[in-house]
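These notes concern the structure reproduced below.
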Amino acid sequence: MKKRIIALVTLVLLLAAILIPVAYAAKCSHSWEWKTEREPTCYKTGLRREHCSKQGCTATRLSRSIATKPHNWSDYTTEREPTCQLQGLKKRHCTNPGCIQTESQAIPRVQHNFQFVQIKTQPTCTKPGKMEYKCTWCPMHDYPEIPALQHNYSNGKCTRCGEPQK
Ligand SMILES: [Zn+2]
Ligand SMILES: [Zn+2]
Ligand SMILES: [Zn+2]
Ligand SMILES: [Zn+2]
């Protein structure tokens, strides 16, 4: 007899536990409020949903996704300085939390720093000469041409090479 009463009471309590919130929810005049459930990241959309803001009510309504964030780039830092032989490299990274995206860009080579060494070949009246320049930073040489001098005639002859004037 007692067992049956206990069972009955348990059943009533159980039903009440199920039915009371349903009844409560049914009579709640919901007050909708958007809540962000998941913040968007650079890779994944976020999510927001309308929740009833009234106490004890867990009803939800519409949900919308929030667009992914654009990367938020740091300033470039130089990874490798350029030289006259090699391009340099600079890098930047996304500063948004959880994002590991990086971007690198080449830094153009710098010009050789040529310095005059010597006149390698003297020019003659008819043949161009050559100068020698060397880069102070690398083994690169440059040999710019010195134009031929042209004959310097005087009294029907070249004063430099003796070539008779035609
Ligand atoms: Zn509600
Ligand atoms: Zn990012
Ligand atoms: Zn150089
Ligand atoms: Zn000459």
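Letters A, B, ... mark the chains of the structure tokens in the order given; residue numbers begin at 1 per chain; ligand numbers begin at 1, in order shown.
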Subject >> Expected answer as a list in words: residues within 12 Å of ligand 4, only C-alpha atoms and all ligand atoms >> reply: Pro123, Thr124, Cys125, Thr126, Lys127, Ala148, Leu149, Gln150, His151, Asn152, Tyr153, Ser154, Gly156, Lys157, Cys158, Thr159, Arg160, Cys161, Gly162, Glu163, Pro164 and Gln165 of chain A
Save out the residues we just selected, C-alpha atoms, as a compact mmCIF listing (two decimals), in the first residue's frame.
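What follows is the written file again.txt:
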```txt
# COMPACT_ATOMS: atom_id res chain seq x y z
CA PRO A 123 91.53 53.73 -75.76
CA THR A 124 93.38 54.38 -79.02
CA CYS A 125 92.42 56.53 -81.97
CA THR A 126 90.32 53.74 -83.46
CA LYS A 127 89.66 51.27 -80.63
CA ALA A 148 87.78 55.62 -79.19
CA LEU A 149 89.70 58.89 -79.18
CA GLN A 150 89.50 59.59 -82.94
CA HIS A 151 92.60 60.72 -84.87
CA ASN A 152 93.98 64.07 -84.06
CA TYR A 153 95.29 65.34 -87.39
CA SER A 154 97.88 68.02 -87.71
CA GLY A 156 98.19 65.72 -92.65
CA LYS A 157 99.14 63.25 -89.94
CA CYS A 158 97.65 62.02 -86.67
CA THR A 159 99.70 63.38 -83.79
CA ARG A 160 99.01 60.26 -81.74
CA CYS A 161 99.38 57.30 -84.12
CA GLY A 162 100.95 58.83 -87.17
CA GLU A 163 98.13 57.76 -89.47
CA PRO A 164 98.23 59.94 -92.63
CA GLN A 165 95.13 62.00 -93.28
```
Please report, as a CSV table (one decimal) with N, CA and C atoms, in the first residue's frame, each residue of stretch 9-164 of chain A to which DSSP assigns strand (DSSP E or B) when run on this structure's backbone.
```csv
chain,number,residue,atom,x,y,z
A,32,TRP,N,12.5,39.0,-27.0
A,32,TRP,CA,13.6,38.5,-27.8
A,32,TRP,C,14.8,39.4,-27.7
A,33,GLU,N,16.0,38.7,-27.7
A,33,GLU,CA,17.2,39.5,-27.6
A,33,GLU,C,18.3,38.7,-28.3
A,34,TRP,N,19.0,39.4,-29.2
A,34,TRP,CA,20.1,38.6,-29.9
A,34,TRP,C,21.3,38.4,-29.0
A,35,LYS,N,21.8,37.2,-29.0
A,35,LYS,CA,23.0,36.8,-28.2
A,35,LYS,C,24.0,36.2,-29.2
A,36,THR,N,25.2,36.6,-29.0
A,36,THR,CA,26.3,35.9,-29.8
A,36,THR,C,26.6,34.6,-29.2
A,37,GLU,N,26.5,33.6,-29.9
A,37,GLU,CA,26.8,32.2,-29.4
A,37,GLU,C,28.2,31.8,-29.7
A,38,ARG,N,28.7,32.3,-30.9
A,38,ARG,CA,30.0,32.0,-31.3
A,38,ARG,C,30.6,33.2,-32.1
A,46,GLY,N,30.6,33.3,-37.4
A,46,GLY,CA,30.1,33.2,-36.0
A,46,GLY,C,28.6,32.9,-36.1
A,47,LEU,N,28.0,32.9,-34.9
A,47,LEU,CA,26.5,32.6,-34.8
A,47,LEU,C,25.9,33.4,-33.8
A,48,ARG,N,24.7,34.0,-34.1
A,48,ARG,CA,24.0,34.7,-33.0
A,48,ARG,C,22.5,34.2,-33.1
A,49,ARG,N,21.9,34.2,-32.0
A,49,ARG,CA,20.5,33.6,-31.9
A,49,ARG,C,19.7,34.5,-31.0
A,50,GLU,N,18.4,34.5,-31.3
A,50,GLU,CA,17.5,35.2,-30.5
A,50,GLU,C,17.1,34.3,-29.3
A,51,HIS,N,17.3,34.9,-28.1
A,51,HIS,CA,16.9,34.1,-26.9
A,51,HIS,C,15.9,35.0,-26.2
A,52,CYS,N,15.0,34.3,-25.5
A,52,CYS,CA,14.0,35.0,-24.6
A,52,CYS,C,14.8,35.5,-23.4
A,60,THR,N,14.2,29.9,-27.8
A,60,THR,CA,15.0,30.6,-28.8
A,60,THR,C,14.2,30.7,-30.1
A,61,ARG,N,14.6,31.7,-30.9
A,61,ARG,CA,13.8,31.8,-32.2
A,61,ARG,C,14.8,31.8,-33.3
A,62,LEU,N,15.0,32.9,-34.0
A,62,LEU,CA,15.9,33.0,-35.2
A,62,LEU,C,17.3,32.8,-34.9
A,63,SER,N,18.1,32.3,-35.8
A,63,SER,CA,19.6,32.4,-35.7
A,63,SER,C,20.2,32.9,-37.0
A,64,ARG,N,21.3,33.6,-36.9
A,64,ARG,CA,21.9,34.1,-38.1
A,64,ARG,C,23.4,33.9,-37.9
A,65,SER,N,24.1,33.7,-39.1
A,65,SER,CA,25.5,33.6,-39.0
A,65,SER,C,26.1,35.0,-39.1
A,66,ILE,N,27.3,35.1,-38.5
A,66,ILE,CA,28.1,36.4,-38.5
A,66,ILE,C,29.2,36.2,-39.5
A,73,TRP,N,46.1,42.7,-40.4
A,73,TRP,CA,47.6,42.5,-40.6
A,73,TRP,C,48.4,43.4,-39.7
A,77,THR,N,57.6,43.0,-40.9
A,77,THR,CA,59.0,43.0,-40.3
A,77,THR,C,59.9,42.4,-41.3
A,78,THR,N,61.2,42.9,-41.3
A,78,THR,CA,62.1,42.4,-42.3
A,78,THR,C,62.7,41.1,-41.8
A,79,GLU,N,62.6,40.1,-42.6
A,79,GLU,CA,63.2,38.7,-42.3
A,79,GLU,C,64.6,38.7,-42.8
A,80,ARG,N,64.8,39.2,-43.9
A,80,ARG,CA,66.1,39.2,-44.5
A,80,ARG,C,66.4,40.5,-45.3
A,88,GLY,N,65.5,40.6,-50.6
A,88,GLY,CA,65.2,40.5,-49.2
A,88,GLY,C,63.8,39.9,-49.0
A,89,LEU,N,63.4,39.8,-47.8
A,89,LEU,CA,62.1,39.2,-47.5
A,89,LEU,C,61.5,39.9,-46.3
A,90,LYS,N,60.2,40.3,-46.4
A,90,LYS,CA,59.5,40.9,-45.3
A,90,LYS,C,58.2,40.1,-45.1
A,91,LYS,N,57.8,40.1,-43.8
A,91,LYS,CA,56.7,39.3,-43.4
A,91,LYS,C,55.7,40.0,-42.6
A,92,ARG,N,54.4,39.7,-42.7
A,92,ARG,CA,53.4,40.2,-41.7
A,92,ARG,C,52.5,39.1,-41.3
A,93,HIS,N,51.9,39.3,-40.2
A,93,HIS,CA,51.0,38.2,-39.7
A,93,HIS,C,49.7,38.8,-39.2
A,94,CYS,N,48.7,37.9,-39.2
A,94,CYS,CA,47.3,38.3,-38.7
A,94,CYS,C,47.3,38.4,-37.2
A,102,THR,N,50.1,34.1,-42.3
A,102,THR,CA,51.2,35.1,-42.5
A,102,THR,C,51.3,35.4,-44.0
A,103,GLU,N,51.9,36.5,-44.4
A,103,GLU,CA,52.1,36.9,-45.7
A,103,GLU,C,53.5,37.4,-45.9
A,104,SER,N,54.2,36.9,-46.9
A,104,SER,CA,55.5,37.5,-47.1
A,104,SER,C,55.7,38.1,-48.5
A,105,GLN,N,56.6,39.1,-48.5
A,105,GLN,CA,56.8,39.8,-49.8
A,105,GLN,C,58.2,40.0,-50.0
A,106,ALA,N,58.6,40.0,-51.2
A,106,ALA,CA,60.1,40.2,-51.6
A,106,ALA,C,60.4,41.7,-51.4
A,107,ILE,N,61.6,41.9,-51.0
A,107,ILE,CA,62.2,43.3,-51.0
A,107,ILE,C,63.2,43.3,-52.2
A,114,PHE,N,79.2,50.0,-57.2
A,114,PHE,CA,80.4,50.0,-58.1
A,114,PHE,C,81.4,51.1,-57.7
A,115,GLN,N,82.6,50.8,-57.6
A,115,GLN,CA,83.7,51.8,-57.4
A,115,GLN,C,84.8,51.6,-58.5
A,116,PHE,N,85.3,52.7,-58.9
A,116,PHE,CA,86.3,52.7,-60.0
A,116,PHE,C,87.6,52.0,-59.4
A,117,VAL,N,88.1,51.1,-60.2
A,117,VAL,CA,89.4,50.4,-59.8
A,117,VAL,C,90.5,51.0,-60.7
A,118,GLN,N,90.4,50.8,-62.0
A,118,GLN,CA,91.5,51.3,-62.9
A,118,GLN,C,91.0,51.4,-64.3
A,119,ILE,N,91.9,52.0,-65.2
A,119,ILE,CA,91.6,51.9,-66.6
A,119,ILE,C,92.2,50.6,-67.1
A,120,LYS,N,91.4,49.7,-67.5
A,120,LYS,CA,91.9,48.3,-67.9
A,120,LYS,C,92.6,48.4,-69.2
A,121,THR,N,92.0,49.0,-70.2
A,121,THR,CA,92.5,49.1,-71.5
A,121,THR,C,92.4,50.6,-71.9
A,129,GLY,N,88.5,51.9,-75.3
A,129,GLY,CA,89.1,51.3,-74.1
A,129,GLY,C,88.1,50.8,-73.1
A,130,LYS,N,88.6,50.3,-72.0
A,130,LYS,CA,87.7,49.8,-71.0
A,130,LYS,C,88.2,50.3,-69.6
A,131,MET,N,87.2,50.6,-68.8
A,131,MET,CA,87.5,50.9,-67.4
A,131,MET,C,87.1,49.7,-66.5
A,132,GLU,N,87.6,49.6,-65.4
A,132,GLU,CA,87.2,48.5,-64.5
A,132,GLU,C,86.6,49.1,-63.2
A,133,TYR,N,85.4,48.6,-62.9
A,133,TYR,CA,84.7,48.9,-61.7
A,133,TYR,C,84.4,47.7,-60.9
A,134,LYS,N,84.4,47.7,-59.6
A,134,LYS,CA,84.1,46.6,-58.8
A,134,LYS,C,83.1,47.0,-57.7
A,135,CYS,N,82.2,46.0,-57.4
A,135,CYS,CA,81.2,46.3,-56.4
A,135,CYS,C,81.9,46.0,-55.0
A,141,HIS,N,82.0,42.6,-61.2
A,141,HIS,CA,82.8,43.6,-61.9
A,141,HIS,C,82.0,44.2,-63.0
A,142,ASP,N,82.3,45.4,-63.4
A,142,ASP,CA,81.7,46.1,-64.5
A,142,ASP,C,82.8,46.7,-65.3
A,145,GLU,N,82.8,51.0,-71.3
A,145,GLU,CA,83.6,51.3,-72.4
A,145,GLU,C,84.1,52.8,-72.4
A,146,ILE,N,85.3,53.0,-72.8
A,146,ILE,CA,85.8,54.4,-73.0
A,146,ILE,C,85.8,54.6,-74.6
A,153,TYR,N,94.4,65.0,-86.3
A,153,TYR,CA,95.3,65.3,-87.4
A,153,TYR,C,95.9,66.7,-87.2
A,154,SER,N,97.2,66.7,-87.6
A,154,SER,CA,97.9,68.0,-87.7
A,154,SER,C,98.9,67.9,-88.8
A,157,LYS,N,98.8,64.5,-90.7
A,157,LYS,CA,99.1,63.2,-89.9
A,157,LYS,C,98.5,63.3,-88.6
A,158,CYS,N,98.2,62.1,-88.0
A,158,CYS,CA,97.7,62.0,-86.7
A,158,CYS,C,98.8,62.2,-85.7
A,164,PRO,N,98.4,58.8,-91.7
A,164,PRO,CA,98.2,59.9,-92.6
A,164,PRO,C,96.8,60.3,-92.9
```
Subject >> Exercise answer, 9 Å around ligand 3 with only C-alpha atoms and all ligand atoms, as a PyMOL selection string >> reply: chain A and resi 83-85+110-114+134-141
Around ligand 1, at most 8 Å away and counting only C-alpha atoms and all ligand atoms, which residues are there? Put them as a short mmCIF file (atom, residue, chain, number, x, y, z; two decimals) with N, CA and C atoms, in the first residue's frame, please.
```
data_model
loop_
_atom_site.label_atom_id
_atom_site.label_comp_id
_atom_site.auth_asym_id
_atom_site.auth_seq_id
_atom_site.Cartn_x
_atom_site.Cartn_y
_atom_site.Cartn_z
N ALA A 25 6.44 28.24 -20.06
CA ALA A 25 6.90 28.71 -21.36
C ALA A 25 5.72 29.14 -22.21
N CYS A 28 4.70 32.57 -21.30
CA CYS A 28 5.71 33.62 -21.34
C CYS A 28 5.47 34.50 -22.57
N SER A 29 5.32 35.78 -22.35
CA SER A 29 5.25 36.67 -23.52
C SER A 29 6.70 37.04 -23.83
N HIS A 30 7.30 36.23 -24.70
CA HIS A 30 8.76 36.28 -24.91
C HIS A 30 9.26 37.69 -25.22
N SER A 31 10.43 37.94 -24.76
CA SER A 31 11.09 39.20 -25.07
C SER A 31 12.42 38.84 -25.74
N TRP A 32 12.49 39.03 -27.05
CA TRP A 32 13.62 38.50 -27.81
C TRP A 32 14.84 39.40 -27.75
N HIS A 51 17.30 34.85 -28.11
CA HIS A 51 16.91 34.14 -26.88
C HIS A 51 15.87 34.97 -26.17
N CYS A 52 14.98 34.29 -25.46
CA CYS A 52 14.04 35.03 -24.62
C CYS A 52 14.80 35.49 -23.38
N SER A 53 14.68 36.78 -23.09
CA SER A 53 15.48 37.32 -21.99
C SER A 53 14.76 37.19 -20.65
N LYS A 54 13.52 36.68 -20.66
CA LYS A 54 12.78 36.58 -19.39
C LYS A 54 13.33 35.42 -18.56
N GLN A 55 13.37 35.65 -17.28
CA GLN A 55 13.97 34.66 -16.38
C GLN A 55 13.21 33.33 -16.41
N GLY A 56 13.95 32.26 -16.46
CA GLY A 56 13.35 30.93 -16.43
C GLY A 56 12.87 30.45 -17.78
N CYS A 57 12.91 31.28 -18.78
CA CYS A 57 12.46 30.87 -20.11
C CYS A 57 13.69 30.59 -20.98
N THR A 58 13.67 29.45 -21.63
CA THR A 58 14.84 29.08 -22.43
C THR A 58 14.51 29.06 -23.92
N ALA A 59 13.42 29.69 -24.29
CA ALA A 59 12.99 29.66 -25.69
C ALA A 59 13.99 30.41 -26.58
#
```
Original post:
Interatomic distance between atom CA of A:Pro108 and atom CA of A:Ser74?
Top reply: 20.8 Å
Subject >> Contacts to ligand 2 at 12 Å cut-off (only C-alpha atoms and all ligand atoms) as number ranges by chain >> reply: A: 40-44, 68-74, 92-103
Original post:
Hey, what does DSSP flag as helix (DSSP H, G or I) within chain A? Can you give it to me as a ChimeraX atom specification?
Top reply: /A:2-27
